[in-house]
$ cat entry_1.cif   # mmCIF, N, CA and C atoms and all ligand atoms
data_coords
loop_
_atom_site.label_atom_id
_atom_site.label_comp_id
_atom_site.auth_asym_id
_atom_site.auth_seq_id
_atom_site.Cartn_x
_atom_site.Cartn_y
_atom_site.Cartn_z
N MET A 1 0.85 -1.18 0.00
CA MET A 1 0.00 0.00 0.00
C MET A 1 0.90 1.24 0.00
N SER A 2 0.48 2.24 -0.77
CA SER A 2 1.30 3.44 -0.86
C SER A 2 0.41 4.68 -0.92
N VAL A 3 1.04 5.82 -0.78
CA VAL A 3 0.36 7.11 -0.81
C VAL A 3 0.85 7.87 -2.04
N ASP A 4 -0.08 8.39 -2.82
CA ASP A 4 0.35 9.12 -4.02
C ASP A 4 -0.34 10.48 -4.17
N ARG A 5 -1.07 10.89 -3.11
CA ARG A 5 -1.78 12.16 -3.23
C ARG A 5 -2.24 12.69 -1.87
N CYS A 6 -2.62 13.96 -1.89
CA CYS A 6 -3.37 14.55 -0.78
C CYS A 6 -4.83 14.18 -1.05
N VAL A 7 -5.38 13.37 -0.18
CA VAL A 7 -6.74 12.87 -0.40
C VAL A 7 -7.77 13.98 -0.20
N CYS A 8 -7.56 14.85 0.77
CA CYS A 8 -8.55 15.90 1.04
C CYS A 8 -8.80 16.77 -0.18
N PHE A 9 -7.76 17.07 -0.94
CA PHE A 9 -7.89 17.97 -2.08
C PHE A 9 -7.66 17.25 -3.41
N ASN A 10 -7.49 15.92 -3.36
CA ASN A 10 -7.26 15.11 -4.55
C ASN A 10 -6.18 15.70 -5.45
N VAL A 11 -5.06 15.98 -4.84
CA VAL A 11 -3.89 16.50 -5.58
C VAL A 11 -2.81 15.43 -5.51
N SER A 12 -2.42 14.92 -6.68
CA SER A 12 -1.42 13.85 -6.70
C SER A 12 -0.01 14.43 -6.51
N PHE A 13 0.89 13.57 -6.06
CA PHE A 13 2.28 14.00 -5.94
C PHE A 13 2.82 14.34 -7.33
N ALA A 14 2.35 13.65 -8.36
CA ALA A 14 2.80 13.95 -9.72
C ALA A 14 2.41 15.39 -10.09
N GLU A 15 1.20 15.80 -9.72
CA GLU A 15 0.78 17.19 -10.00
C GLU A 15 1.64 18.17 -9.21
N MET A 16 1.92 17.83 -7.95
CA MET A 16 2.77 18.70 -7.14
C MET A 16 4.17 18.82 -7.75
N LEU A 17 4.68 17.70 -8.26
CA LEU A 17 6.01 17.72 -8.85
C LEU A 17 6.03 18.53 -10.15
N GLU A 18 4.90 18.53 -10.87
CA GLU A 18 4.82 19.38 -12.07
C GLU A 18 4.90 20.86 -11.67
N LEU A 19 4.22 21.21 -10.59
CA LEU A 19 4.29 22.59 -10.11
C LEU A 19 5.70 22.92 -9.63
N ARG A 20 6.34 21.94 -9.02
CA ARG A 20 7.73 22.12 -8.60
C ARG A 20 8.61 22.40 -9.80
N GLU A 21 8.36 21.66 -10.90
CA GLU A 21 9.14 21.88 -12.12
C GLU A 21 8.99 23.30 -12.64
N GLN A 22 7.84 23.91 -12.34
CA GLN A 22 7.60 25.30 -12.75
C GLN A 22 8.27 26.29 -11.79
N GLY A 23 8.89 25.76 -10.73
CA GLY A 23 9.64 26.60 -9.81
C GLY A 23 8.89 27.00 -8.55
N LEU A 24 7.71 26.44 -8.32
CA LEU A 24 6.95 26.81 -7.13
C LEU A 24 7.56 26.18 -5.88
N THR A 25 7.54 26.93 -4.80
CA THR A 25 7.99 26.42 -3.51
C THR A 25 6.89 25.56 -2.89
N PHE A 26 7.22 24.86 -1.82
CA PHE A 26 6.23 24.07 -1.10
C PHE A 26 5.08 24.96 -0.64
N ALA A 27 5.38 26.11 -0.09
CA ALA A 27 4.32 27.02 0.38
C ALA A 27 3.42 27.46 -0.77
N GLU A 28 4.02 27.73 -1.91
CA GLU A 28 3.22 28.15 -3.08
C GLU A 28 2.37 26.99 -3.60
N ILE A 29 2.92 25.79 -3.60
CA ILE A 29 2.15 24.62 -4.03
C ILE A 29 0.99 24.39 -3.07
N ARG A 30 1.26 24.52 -1.79
CA ARG A 30 0.20 24.36 -0.78
C ARG A 30 -0.89 25.42 -0.97
N ASP A 31 -0.48 26.66 -1.20
CA ASP A 31 -1.47 27.73 -1.39
C ASP A 31 -2.30 27.51 -2.65
N GLN A 32 -1.65 27.04 -3.71
CA GLN A 32 -2.33 26.88 -4.99
C GLN A 32 -3.25 25.67 -5.02
N THR A 33 -2.84 24.58 -4.38
CA THR A 33 -3.62 23.33 -4.48
C THR A 33 -4.45 23.03 -3.24
N GLY A 34 -4.08 23.59 -2.11
CA GLY A 34 -4.74 23.26 -0.85
C GLY A 34 -4.11 22.09 -0.14
N CYS A 35 -3.16 21.40 -0.79
CA CYS A 35 -2.57 20.21 -0.16
C CYS A 35 -2.04 20.56 1.23
N CYS A 36 -2.17 19.62 2.12
CA CYS A 36 -1.69 19.75 3.50
C CYS A 36 -2.51 20.71 4.35
N SER A 37 -3.53 21.32 3.82
CA SER A 37 -4.27 22.30 4.60
C SER A 37 -5.65 21.80 5.04
N GLY A 38 -5.88 20.50 4.84
CA GLY A 38 -7.12 19.90 5.35
C GLY A 38 -6.80 19.16 6.64
N CYS A 39 -6.87 17.85 6.60
CA CYS A 39 -6.60 17.05 7.80
C CYS A 39 -5.12 17.07 8.18
N GLY A 40 -4.24 17.32 7.19
CA GLY A 40 -2.81 17.38 7.45
C GLY A 40 -2.10 16.03 7.43
N MET A 41 -2.84 14.94 7.28
CA MET A 41 -2.22 13.61 7.31
C MET A 41 -1.21 13.43 6.18
N CYS A 42 -1.39 14.13 5.09
CA CYS A 42 -0.51 13.93 3.93
C CYS A 42 0.80 14.71 4.04
N GLN A 43 0.88 15.62 5.00
CA GLN A 43 2.01 16.54 4.98
C GLN A 43 3.39 15.86 4.95
N PRO A 44 3.68 14.86 5.80
CA PRO A 44 5.01 14.25 5.69
C PRO A 44 5.24 13.60 4.33
N TYR A 45 4.20 13.06 3.74
CA TYR A 45 4.32 12.42 2.42
C TYR A 45 4.54 13.48 1.33
N CYS A 46 3.83 14.59 1.40
CA CYS A 46 4.03 15.66 0.43
C CYS A 46 5.44 16.22 0.55
N ARG A 47 5.89 16.42 1.77
CA ARG A 47 7.25 16.94 1.99
C ARG A 47 8.27 15.99 1.38
N LEU A 48 8.10 14.68 1.64
CA LEU A 48 9.05 13.70 1.14
C LEU A 48 8.97 13.59 -0.38
N ALA A 49 7.77 13.65 -0.94
CA ALA A 49 7.61 13.58 -2.40
C ALA A 49 8.34 14.74 -3.06
N LEU A 50 8.17 15.94 -2.52
CA LEU A 50 8.82 17.10 -3.12
C LEU A 50 10.34 17.06 -2.90
N ALA A 51 10.75 16.53 -1.76
CA ALA A 51 12.19 16.45 -1.47
C ALA A 51 12.90 15.43 -2.34
N THR A 52 12.18 14.35 -2.70
CA THR A 52 12.84 13.24 -3.41
C THR A 52 12.40 13.08 -4.86
N GLY A 53 11.28 13.71 -5.24
CA GLY A 53 10.76 13.52 -6.59
C GLY A 53 9.92 12.27 -6.74
N ALA A 54 9.58 11.61 -5.63
CA ALA A 54 8.79 10.37 -5.69
C ALA A 54 7.31 10.68 -5.95
N GLU A 55 6.71 9.95 -6.87
CA GLU A 55 5.29 10.13 -7.16
C GLU A 55 4.43 9.21 -6.30
N SER A 56 5.04 8.29 -5.59
CA SER A 56 4.32 7.36 -4.73
C SER A 56 5.26 6.96 -3.59
N ILE A 57 4.72 6.91 -2.37
CA ILE A 57 5.55 6.62 -1.20
C ILE A 57 4.85 5.53 -0.38
N PRO A 58 5.59 4.49 0.01
CA PRO A 58 4.99 3.44 0.85
C PRO A 58 4.50 4.05 2.17
N ILE A 59 3.53 3.40 2.79
CA ILE A 59 3.06 3.85 4.09
C ILE A 59 4.25 3.91 5.05
N LEU A 60 4.40 5.02 5.74
CA LEU A 60 5.54 5.22 6.63
C LEU A 60 5.09 5.07 8.08
N ARG A 61 6.02 4.53 8.88
CA ARG A 61 5.75 4.38 10.32
C ARG A 61 7.02 4.72 11.09
N GLY A 62 6.86 5.01 12.36
CA GLY A 62 7.99 5.17 13.28
C GLY A 62 9.02 6.18 12.79
N ARG A 63 10.28 5.75 12.79
CA ARG A 63 11.38 6.65 12.41
C ARG A 63 11.25 7.15 10.99
N ASP A 64 10.77 6.30 10.09
CA ASP A 64 10.63 6.73 8.69
C ASP A 64 9.63 7.88 8.59
N LEU A 65 8.56 7.80 9.36
CA LEU A 65 7.57 8.88 9.35
C LEU A 65 8.16 10.15 9.96
N ALA A 66 8.91 9.99 11.04
CA ALA A 66 9.55 11.15 11.66
C ALA A 66 10.53 11.81 10.70
N ARG A 67 11.29 11.00 9.96
CA ARG A 67 12.24 11.54 8.98
C ARG A 67 11.51 12.29 7.87
N ALA A 68 10.36 11.78 7.46
CA ALA A 68 9.59 12.45 6.40
C ALA A 68 9.15 13.84 6.86
N TRP A 69 8.77 13.97 8.13
CA TRP A 69 8.40 15.29 8.66
C TRP A 69 9.56 16.25 8.58
N GLN A 70 10.79 15.72 8.68
CA GLN A 70 11.98 16.57 8.66
C GLN A 70 12.48 16.86 7.23
N ALA A 71 11.92 16.20 6.24
CA ALA A 71 12.38 16.39 4.86
C ALA A 71 12.17 17.84 4.44
N ASP A 72 13.15 18.39 3.75
CA ASP A 72 13.05 19.77 3.26
C ASP A 72 12.40 19.74 1.87
N PRO A 73 11.13 20.12 1.78
CA PRO A 73 10.44 20.02 0.49
C PRO A 73 10.97 20.98 -0.55
N ASP A 74 11.75 21.96 -0.14
CA ASP A 74 12.31 22.92 -1.10
C ASP A 74 13.79 22.68 -1.36
N ALA A 75 14.31 21.56 -0.90
CA ALA A 75 15.74 21.27 -1.07
C ALA A 75 16.13 21.27 -2.55
N GLY A 76 15.31 20.70 -3.39
CA GLY A 76 15.61 20.66 -4.82
C GLY A 76 15.63 22.03 -5.45
N LEU A 77 14.75 22.90 -4.96
CA LEU A 77 14.70 24.27 -5.47
C LEU A 77 15.98 25.00 -5.16
N ALA A 78 16.46 24.85 -3.93
CA ALA A 78 17.66 25.57 -3.51
C ALA A 78 18.85 25.20 -4.38
N SER A 79 18.98 23.89 -4.69
CA SER A 79 20.12 23.49 -5.49
C SER A 79 19.98 23.96 -6.93
N ARG A 80 18.72 23.99 -7.42
CA ARG A 80 18.50 24.48 -8.78
C ARG A 80 18.82 25.97 -8.88
N GLU A 81 18.39 26.72 -7.85
CA GLU A 81 18.62 28.17 -7.89
C GLU A 81 20.10 28.50 -7.84
N SER A 82 20.87 27.64 -7.14
CA SER A 82 22.29 27.94 -7.01
C SER A 82 23.11 27.36 -8.15
N ALA A 83 22.45 26.56 -9.02
CA ALA A 83 23.18 25.95 -10.12
C ALA A 83 23.52 27.01 -11.17
N PRO A 84 24.68 26.91 -11.79
CA PRO A 84 25.05 27.86 -12.83
C PRO A 84 24.10 27.74 -14.02
N THR A 85 23.83 28.83 -14.68
CA THR A 85 22.92 28.82 -15.82
C THR A 85 23.67 28.76 -17.12
S1 LIG B 101 -4.86 14.30 2.96
FE1 LIG B 101 -3.92 16.19 2.53
S2 LIG B 101 -4.84 17.61 3.88
FE2 LIG B 101 -5.89 15.73 4.27
#

$ encode --input "entry_1.cif" --output "C-alpha cells"
Amino acid sequence: MSVDRCVCFNVSFAEMLELREQGLTFAEIRDQTGCCSGCGMCQPYCRLALATGAESIPILRGRDLARAWQADPDAGLASRESAPT
C-alpha cells in the first residue's frame, strides 16, 4: 500500500512535482492546491515527495515517518537556484 496524493484535495504527488518543475515552492504549491491544509495527514508524504521527486511513497511508520516530517520540500529548489545557468 502506498500514498500518491493529498486525499482531502485530490492532488497527486505527480501534480505537485509538475508545479515544482515550474519553480513553485512548497508554500506556493500548498497555497495553490490546498494540499496539507485539510486534515494534514498527507504533509510528511508531500514533503518527502517534493524532497525526493517520488510520485508514490509506501506507508511510513515510526522513524521513517519522523524523517519524512523533517524532509526539506524545497531542497531541490535551492540546489537548482544555485546551479550555474
Ligand atoms: S490528505 Fe492532505 S490535507 Fe488531508

$ residues_near_ligand --input "entry_1.cif" --ligand "ligand LIG 101 (chain B)" --cutoff "6 Å" --atoms "only N, CA and C atoms and all ligand atoms" --output "list in words"
Arg5, Cys6, Val7, Cys8, Phe9, Cys35, Cys36, Ser37, Gly38, Cys39, Gly40, Met41, Cys42 and Gln43 of chain A

$ select_by_dssp --input "entry_1.cif" --residues "chain A" --states "strand (DSSP E)" --output "list in words"
Ser2, Val3, Arg5, Cys6, Val11, Ser12, Ile57 and Pro58 of chain A

$ residues_around --input "entry_1.cif" --residues "Pro73 in chain A" --least-positions-apart "5" --cutoff "8 Å" --atoms "only N, CA and C atoms" --output "number ranges by chain"
A: 25-27, 46-52, 78

$ atom_distance --input "entry_1.cif" --atom1 "CA of Ile57 in chain A" --atom2 "CA of Ala75 in chain A"
17.8 Å

$ closest_residue --input "entry_1.cif" --among "A:Asp31, A:Pro44, A:Ser2, A:Leu17" --to "Gln70 in chain A" --atoms "only C-alpha atoms"
A:Pro44

$ atom_distance --input "entry_1.cif" --atom1 "CA of Leu19 in chain A" --atom2 "CA of Ile59 in chain A"
23.5 Å

$ atom_distance --input "entry_1.cif" --atom1 "CA of Asn10 in chain A" --atom2 "atom N of Gly76 in chain A"
23.3 Å

$ select_by_dssp --input "entry_1.cif" --residues "range 5-61 of chain A" --states "helix (DSSP H, G or I)" --output "MDAnalysis selection string"
chainID A and resid 13:21 26:33 43:52

$ closest_residue --input "entry_1.cif" --among "A:Met16, A:Glu55, A:Ala71, A:Leu77" --to "Gly34 in chain A" --atoms "only C-alpha atoms"
A:Met16

$ decode --input "entry_1.cif" --residues "range 41-62 of chain A" --atoms "C-alpha atoms" --output "mmCIF file, in the first residue's frame"
data_model
loop_
_atom_site.group_PDB
_atom_site.id
_atom_site.type_symbol
_atom_site.label_atom_id
_atom_site.label_comp_id
_atom_site.auth_asym_id
_atom_site.auth_seq_id
_atom_site.Cartn_x
_atom_site.Cartn_y
_atom_site.Cartn_z
ATOM 1 C CA MET A 41 -2.216 13.613 7.306
ATOM 2 C CA CYS A 42 -0.513 13.935 3.927
ATOM 3 C CA GLN A 43 2.012 16.537 4.977
ATOM 4 C CA PRO A 44 5.012 14.247 5.691
ATOM 5 C CA TYR A 45 4.315 12.423 2.418
ATOM 6 C CA CYS A 46 4.033 15.663 0.427
ATOM 7 C CA ARG A 47 7.245 16.939 1.991
ATOM 8 C CA LEU A 48 9.048 13.701 1.137
ATOM 9 C CA ALA A 49 7.612 13.577 -2.398
ATOM 10 C CA LEU A 50 8.823 17.103 -3.118
ATOM 11 C CA ALA A 51 12.190 16.454 -1.470
ATOM 12 C CA THR A 52 12.839 13.244 -3.408
ATOM 13 C CA GLY A 53 10.759 13.519 -6.589
ATOM 14 C CA ALA A 54 8.791 10.374 -5.695
ATOM 15 C CA GLU A 55 5.289 10.126 -7.156
ATOM 16 C CA SER A 56 4.317 7.360 -4.729
ATOM 17 C CA ILE A 57 5.545 6.618 -1.201
ATOM 18 C CA PRO A 58 4.988 3.441 0.851
ATOM 19 C CA ILE A 59 3.062 3.850 4.094
ATOM 20 C CA LEU A 60 5.539 5.223 6.635
ATOM 21 C CA ARG A 61 5.745 4.379 10.322
ATOM 22 C CA GLY A 62 7.992 5.171 13.275
#
